[in-house]
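J.: The structure is given below, and queries will be raised subsequently.
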Amino acid sequence: MSALLVLLRLVRFSPRYFAACLLFAVLLMSVLPIPIGFATRVLFDSLAGEPADLNAWSAIALIVGAQVAMVFVSPLLGNPWNAVRIKSEVLLQRNLFAAILGGYGRFGLRRPVGETLGRFRDDPPSIADGLDALCDLIARTLFAIFAGVVMWQINPLLTAVLFVPLLLCSYLCKALEHKTAAYRAASREASAQVSGLLGDLISAHLAVKVAGATARAVGRLVALGDARRVAAMRDSVFEQVLDSLNLHIVHIGTGLVLLLGAQAIRDRSFSVGDFTLFVVYLGELTWYPSEIGRIIGDLKRIEVSFERMRAVVPGSSPRTLVAPAPVYLHGSVPELGAPPVREPLRELRVCGLGFAYADGAGEIRDMSFVLERGSFTVVTGRIGSGKSTLLQVLVGLLPRSSGEVFWNGQRVDDLATFFVPPQSAYLPQVPRLFSETLRENVLLGCRADGAALQRAVHAAVLEPDLAVLEHGLDTLVGPRGVKLSGGQIQRAAAARMFVRNPELLVIDDLSSALDAETEAELWQRLFARGRDVTCLVVSHRPAALRRADQVLVLEGGRIVTG
Amino acid sequence: MQPFQASLRNNVTLFDPAVADERIRTVFAELGLEPWLCGLVDGLDTRLGAGGRGLSAGEAQLAALARVFLKNPGLVVLDEASSRLDPLTEQLLERAVWRLLEGRTGVIIAHRLKTVERADHLLILDEGGVWSLERGTRWN
């Protein structure tokens, strides 16, 4: 999608604010400078004794009045511009997030988390700034047209001489736009490498410290930082050189005008007043070559930024990123809607489900099985046989490459949006908690009363841990809170799953961080719930296998016994 | 173990350029990961992490053990290293762990007695107290 199209859609999203911006910009850059030119001409003509329309004092009053007006109008531009900028940035970020959540099941998350966060942070402001440039461009162009007409009427030759270097610069910038884009993309990529590694090192800092590899890891980060410095420098220097080029071509143009104008003044065809008008208008027009190059470069960079945002969720249409959506600029954010309707499970049928990574590794094929209501199915097998992959593909965390899933005989089209509570809940092998209280981590926005929460905590064998924590459920956990053990994290995540009372429980090796006793207790309490919950579980533990209604043994990505 | 987005080599050596590829391969062979390594198209240069190839939990644990092997420490502390593996691979890992512990001091945190069959010294933690048992004493 071209940069202009993106900007036009953003303009359509905030039409009134943008119109206000445009109005003030036109006032400031088009309308007010014009009388200044005329008044200056009148002033100098009357000083030189030439016949003039007004007397000198009126001319001075006009100049002062226009300048004062400019001083007052200028800050007024700030208010609608902030609204336009914030609305645009938030819309882009919101749409990108929605695309990730919606498209995850089909495309997955292609980039590391640190890098993706960088795209949220850097690219929307880059794009929103383009609106400012657009506003300026429209306002300045109106002025250029008017000034051009006035000057042409006074002296066509000089006007032509003035406009030629302006047009030359603009052409130069257009010709170099590929290079501009390439340098900008390289700079952003180098930046992304640094934030990607930084994200990795922070989440794995214990492993690095324990292995005594801190110095080497930091050395690697420094090396990537150096690469980023070089790339950013290159981008910046190229931009500056282009700018400087624009500026100097204009000065040469100005020099030519002075030389030719001197001749015309001697011939009396060009008065002093005319000359000062040219100078005043030239002062306003020099914006053009210096800024037009930047604007063309900005448009290219906007395209790069937009592409980077799109690359986060490939396969999504570019329109979805700029589609209108509420951003709640005024007032408060509305309450969340009702949860999706529950459809009780009678039978889950999986036919020929398959998946493979791009290089063919981690492949699973021909996964077919049936889960009856209330049954307990265990998936087992050697490492790398595809157990976790099967579960993740079923709930839509990985994009399936083949196969169908039928819930009560009805085909499920989008696994990622269907297999969520209350239909199903998924517990990964390495659950994550957020920097919130334990209560909020378990509820995660779910509206459940105290009794339901207590039941979930009981089912997850979490009470003994709560008794030990100083604030119980209100303890702050996660990266910025109390450090919970692996088992506690897993049981908290299990409570998160149980509190939603789903039809289908999909559990990926619950017992990997639990000791035998706690684990046995958890299975005991799970089975005590009776036959109203269906389970699909990855496990090797005898306790689970003994209770299984069905055991699926996986090897090499296929079911060998069902 | 969370893989970095870097090559398999860098993930296992933790960015140490001094470790020779041969040593890495030997360690992988000892861990029984040689067939897996041969199966990778780019070998040790395979990029891991998001955007590259993922590791299953079991593979990740074995790779974490490879890191320990390569570091060649005098003291090894293992926190139930085989909790995420199927029984067959667990045996493989056990053999590798005991090979690793030869000539080194080891402290293993275990939930299952099977893991500590060959331990010289057993420390049981219960309700804030510590019980200590020497080899030779019968325990159930």
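Ordering of the structure tokens sets the chain letters (A, B, ...), residue numbers begin anew at 1 in every chain, and ligands are numbered from 1 in the order given.
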Find the residues near range 102-105 of chain B: any atom within 7 Å, counting only C-alpha atoms, skip ones fewer than 5 places away on the same chain, and give them as a PyMOL selection string.
T.: chain B and resi 74-76
J.: For a quick test of understanding: name the residues of chain A lying within 8 Å of chain B when counting only C-alpha atoms, and present them as an NGL selection string.
T.: :A and (109-112 or 196-197 or 200-201 or 203-204 or 207-208 or 211 or 213 or 216-217 or 220 or 357 or 361 or 380-384 or 388 or 509 or 512-513 or 515-516 or 540)
J.: Could you please take those selected residues and save C-alpha atoms as a JSON list (two decimals), in the first residue's frame?
T.:
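Saved as out00.json:
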```json
[["chain", "number", "residue", "atom", "x", "y", "z"],
["A", 109, "LEU", "CA", 4.25, -14.64, 15.43],
["A", 110, "ARG", "CA", 7.15, -14.41, 13.00],
["A", 111, "ARG", "CA", 9.43, -12.08, 14.94],
["A", 112, "PRO", "CA", 10.86, -12.21, 18.46],
["A", 196, "GLY", "CA", 15.65, -8.79, 19.96],
["A", 197, "LEU", "CA", 18.84, -9.96, 21.67],
["A", 200, "ASP", "CA", 16.25, -12.71, 24.93],
["A", 201, "LEU", "CA", 19.03, -11.93, 27.37],
["A", 203, "SER", "CA", 14.34, -13.39, 29.87],
["A", 204, "ALA", "CA", 17.26, -15.83, 30.02],
["A", 207, "ALA", "CA", 20.88, -19.09, 32.52],
["A", 208, "VAL", "CA", 23.51, -16.67, 31.25],
["A", 211, "ALA", "CA", 26.88, -20.28, 33.02],
["A", 213, "ALA", "CA", 28.62, -16.18, 30.06],
["A", 216, "ARG", "CA", 30.42, -12.86, 26.25],
["A", 217, "ALA", "CA", 26.70, -12.18, 25.95],
["A", 220, "ARG", "CA", 27.71, -9.88, 21.56],
["A", 357, "TYR", "CA", 7.56, -25.66, 10.27],
["A", 361, "ALA", "CA", 11.01, -29.98, 11.06],
["A", 380, "THR", "CA", 2.33, -39.65, 25.16],
["A", 381, "GLY", "CA", 5.52, -40.41, 23.22],
["A", 382, "ARG", "CA", 9.23, -39.68, 23.04],
["A", 383, "ILE", "CA", 10.66, -36.17, 22.89],
["A", 384, "GLY", "CA", 10.21, -34.52, 19.56],
["A", 388, "SER", "CA", 3.06, -30.30, 22.30],
["A", 509, "ASP", "CA", 2.44, -31.88, 30.71],
["A", 512, "SER", "CA", 6.68, -31.27, 34.64],
["A", 513, "ALA", "CA", 7.27, -28.85, 37.50],
["A", 515, "ASP", "CA", 6.60, -33.19, 42.72],
["A", 516, "ALA", "CA", 4.91, -36.58, 42.74],
["A", 540, "HIS", "CA", 4.10, -39.80, 30.98]]
```
J.: Applying 8 Å and only C-alpha atoms, which residues near range 184-192 of chain A remain after dropping the ones on its own chain fewer than 6 positions away? List them as a ChimeraX atom specification.
T.: /A:114-115,118,224-225,227-228,231-232,235,301,304
J.: Write out as number ranges by chain all residues of range 118-357 of chain A that backbone DSSP assigns to helix (DSSP H, G or I).
T.: A: 118-154, 156-175, 177-203, 205-210, 214-266, 272-285, 287-312, 318-322
J.: From the set A:Leu62, A:Ala25, A:Leu96, A:Leu285, which residue has the shortest atom-to-atom contact distance to Ser74 in chain A, counting only C-alpha atoms?
T.: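 Among the listed residues, A:Ala25 lies closest to Ser74 in chain A.
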J.: Can you list, as a PyMOL selection string, all residues belonging to range 346-537 of chain A that DSSP tags as strand (DSSP E)?
T.: chain A and resi 347-355+364-372+376-381+402-407+410-411+424-427+504-508+534-537
J.: Can you list, as a PyMOL selection string, every protein, DNA or RNA residue that comes within 12 Å of Trp98 in chain B when you count only C-alpha atoms, leaving out same-chain residues fewer than 5 positions away?
T.: chain B and resi 30-31+65+69+76+78+91-93+103-108+115-119
J.: Write a file of the just-selected residues containing N, CA and C atoms, as a tab-separated table (two decimals), in the first residue's frame.
T.:
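New file again_34.tsv:
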```
chain	number	residue	atom	x	y	z
B	30	GLU	N	27.39	-37.70	22.88
B	30	GLU	CA	27.27	-38.30	24.21
B	30	GLU	C	25.86	-38.19	24.75
B	31	LEU	N	25.15	-37.11	24.36
B	31	LEU	CA	23.80	-36.92	24.84
B	31	LEU	C	22.78	-37.65	23.99
B	65	LEU	N	21.66	-29.26	28.92
B	65	LEU	CA	22.68	-30.14	29.47
B	65	LEU	C	23.96	-30.05	28.66
B	69	PHE	N	27.83	-29.49	29.90
B	69	PHE	CA	28.95	-30.32	29.47
B	69	PHE	C	30.09	-29.47	28.92
B	76	VAL	N	28.48	-29.51	39.76
B	76	VAL	CA	27.27	-29.45	38.95
B	76	VAL	C	26.06	-29.47	39.87
B	78	LEU	N	21.98	-29.83	39.60
B	78	LEU	CA	20.88	-30.12	38.67
B	78	LEU	C	19.55	-30.08	39.41
B	91	GLN	N	16.06	-42.18	30.34
B	91	GLN	CA	17.17	-43.12	30.55
B	91	GLN	C	18.44	-42.62	29.89
B	92	LEU	N	18.27	-42.13	28.66
B	92	LEU	CA	19.38	-41.58	27.89
B	92	LEU	C	20.05	-40.46	28.66
B	93	LEU	N	19.21	-39.59	29.20
B	93	LEU	CA	19.71	-38.44	29.94
B	93	LEU	C	20.42	-38.88	31.21
B	103	GLY	N	34.08	-37.80	38.25
B	103	GLY	CA	35.20	-36.92	38.54
B	103	GLY	C	34.75	-35.51	38.90
B	104	ARG	N	33.46	-35.30	39.10
B	104	ARG	CA	32.97	-33.99	39.49
B	104	ARG	C	32.08	-34.12	40.70
B	105	THR	N	31.87	-33.02	41.40
B	105	THR	CA	30.95	-33.01	42.52
B	105	THR	C	29.57	-32.64	42.00
B	106	GLY	N	28.54	-33.40	42.41
B	106	GLY	CA	27.21	-33.12	41.90
B	106	GLY	C	26.18	-32.95	43.02
B	107	VAL	N	25.28	-31.99	42.83
B	107	VAL	CA	24.15	-31.81	43.75
B	107	VAL	C	22.91	-31.90	42.88
B	108	ILE	N	22.08	-32.93	43.12
B	108	ILE	CA	20.88	-33.11	42.29
B	108	ILE	C	19.64	-32.89	43.14
B	115	THR	N	15.80	-41.32	40.54
B	115	THR	CA	16.88	-40.46	40.08
B	115	THR	C	18.12	-40.57	40.95
B	116	VAL	N	17.92	-40.86	42.23
B	116	VAL	CA	19.06	-40.78	43.15
B	116	VAL	C	19.55	-42.14	43.61
B	117	GLU	N	19.22	-43.15	42.82
B	117	GLU	CA	19.65	-44.51	43.18
B	117	GLU	C	21.14	-44.62	43.45
B	118	ARG	N	21.92	-43.85	42.65
B	118	ARG	CA	23.36	-44.01	42.75
B	118	ARG	C	24.03	-42.94	43.59
B	119	ALA	N	23.24	-42.17	44.33
B	119	ALA	CA	23.84	-41.06	45.09
B	119	ALA	C	24.65	-41.59	46.27
```
J.: If we count only C-alpha atoms and set the cut-off at 12 Å, which residues sit around range 267-273 of chain A, ignoring sequence neighbours fewer than 3 positions away in its own chain? Please answer as a PyMOL selection string.
T.: chain A and resi 37-53+56+59+151+153-158+258+260-264+276-280
J.: Go ahead and save the residues from that selection, with C-alpha atoms, as a compact mmCIF listing (two decimals), in the first residue's frame.
T.:
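Saved result, out-v8.txt, follows:
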```txt
# COMPACT_ATOMS: atom_id res chain seq x y z
CA GLY A 37 5.05 40.74 0.45
CA PHE A 38 2.76 43.38 -0.93
CA ALA A 39 3.18 45.70 2.05
CA THR A 40 6.97 45.42 1.83
CA ARG A 41 6.81 46.32 -1.86
CA VAL A 42 4.67 49.34 -1.10
CA LEU A 43 6.98 50.40 1.74
CA PHE A 44 10.18 50.26 -0.32
CA ASP A 45 8.55 51.82 -3.37
CA SER A 46 7.38 54.77 -1.31
CA LEU A 47 10.81 55.04 0.34
CA ALA A 48 12.42 55.10 -3.10
CA GLY A 49 9.99 57.79 -4.17
CA GLU A 50 8.08 55.59 -6.63
CA PRO A 51 4.29 55.87 -6.95
CA ALA A 52 2.60 53.47 -4.50
CA ASP A 53 -0.96 52.42 -3.56
CA ALA A 56 4.55 54.03 4.13
CA ALA A 59 2.35 49.50 4.88
CA MET A 151 5.85 37.12 -9.53
CA GLN A 153 3.10 39.03 -13.67
CA ILE A 154 5.96 41.25 -12.49
CA ASN A 155 8.88 39.60 -14.29
CA PRO A 156 8.49 36.19 -16.02
CA LEU A 157 12.20 35.62 -16.64
CA LEU A 158 13.25 36.06 -13.03
CA LEU A 258 20.28 38.86 -7.75
CA LEU A 260 19.76 39.24 -13.32
CA GLY A 261 17.61 41.46 -11.10
CA ALA A 262 20.34 44.09 -10.82
CA GLN A 263 20.32 44.47 -14.61
CA ALA A 264 16.53 44.84 -14.69
CA THR A 276 11.94 43.24 -2.13
CA LEU A 277 8.69 41.39 -2.87
CA PHE A 278 10.72 38.75 -4.68
CA VAL A 279 13.11 38.49 -1.74
CA VAL A 280 10.28 38.19 0.79
```
J.: Do you know which residues are at most 8 Å from range 323-328 of chain A counting only C-alpha atoms, after dropping those on the same chain fewer than 5 positions away, and could you put them as a list in words?
T.: Arg9, Phe13, Lys87, Val90, Leu91, Asn95 and Val333 of chain A
J.: Emit the selected residues as a short mmCIF file (atom, residue, chain, number, x, y, z; two decimals), in the first residue's frame, including N, CA and C atoms.
T.:
```
data_model
loop_
_atom_site.label_atom_id
_atom_site.label_comp_id
_atom_site.auth_asym_id
_atom_site.auth_seq_id
_atom_site.Cartn_x
_atom_site.Cartn_y
_atom_site.Cartn_z
N ARG A 9 -6.13 7.48 4.24
CA ARG A 9 -7.04 6.74 5.12
C ARG A 9 -7.03 7.29 6.53
N PHE A 13 -9.97 9.11 8.78
CA PHE A 13 -10.31 8.66 10.13
C PHE A 13 -10.55 9.83 11.07
N LYS A 87 -4.64 10.13 17.66
CA LYS A 87 -5.65 9.22 17.10
C LYS A 87 -5.04 8.28 16.07
N VAL A 90 -2.65 5.67 17.79
CA VAL A 90 -3.40 4.67 18.55
C VAL A 90 -4.15 3.73 17.62
N LEU A 91 -4.71 4.28 16.55
CA LEU A 91 -5.43 3.42 15.60
C LEU A 91 -4.51 2.37 15.01
N ASN A 95 -4.91 -1.59 15.67
CA ASN A 95 -5.17 -2.51 14.57
C ASN A 95 -4.09 -3.57 14.45
N VAL A 333 -12.90 4.41 28.55
CA VAL A 333 -12.99 3.20 27.75
C VAL A 333 -14.22 2.40 28.20
#
```
J.: Fewer than 5 positions away in the same chain doesn't count, so skip those; otherwise give me all residues within 7 Å of Ser7 in chain B, counting only C-alpha atoms, as a list in words.
T.: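 That gives Leu44, Asp45, Thr46, Arg47 and Leu48 of chain B.
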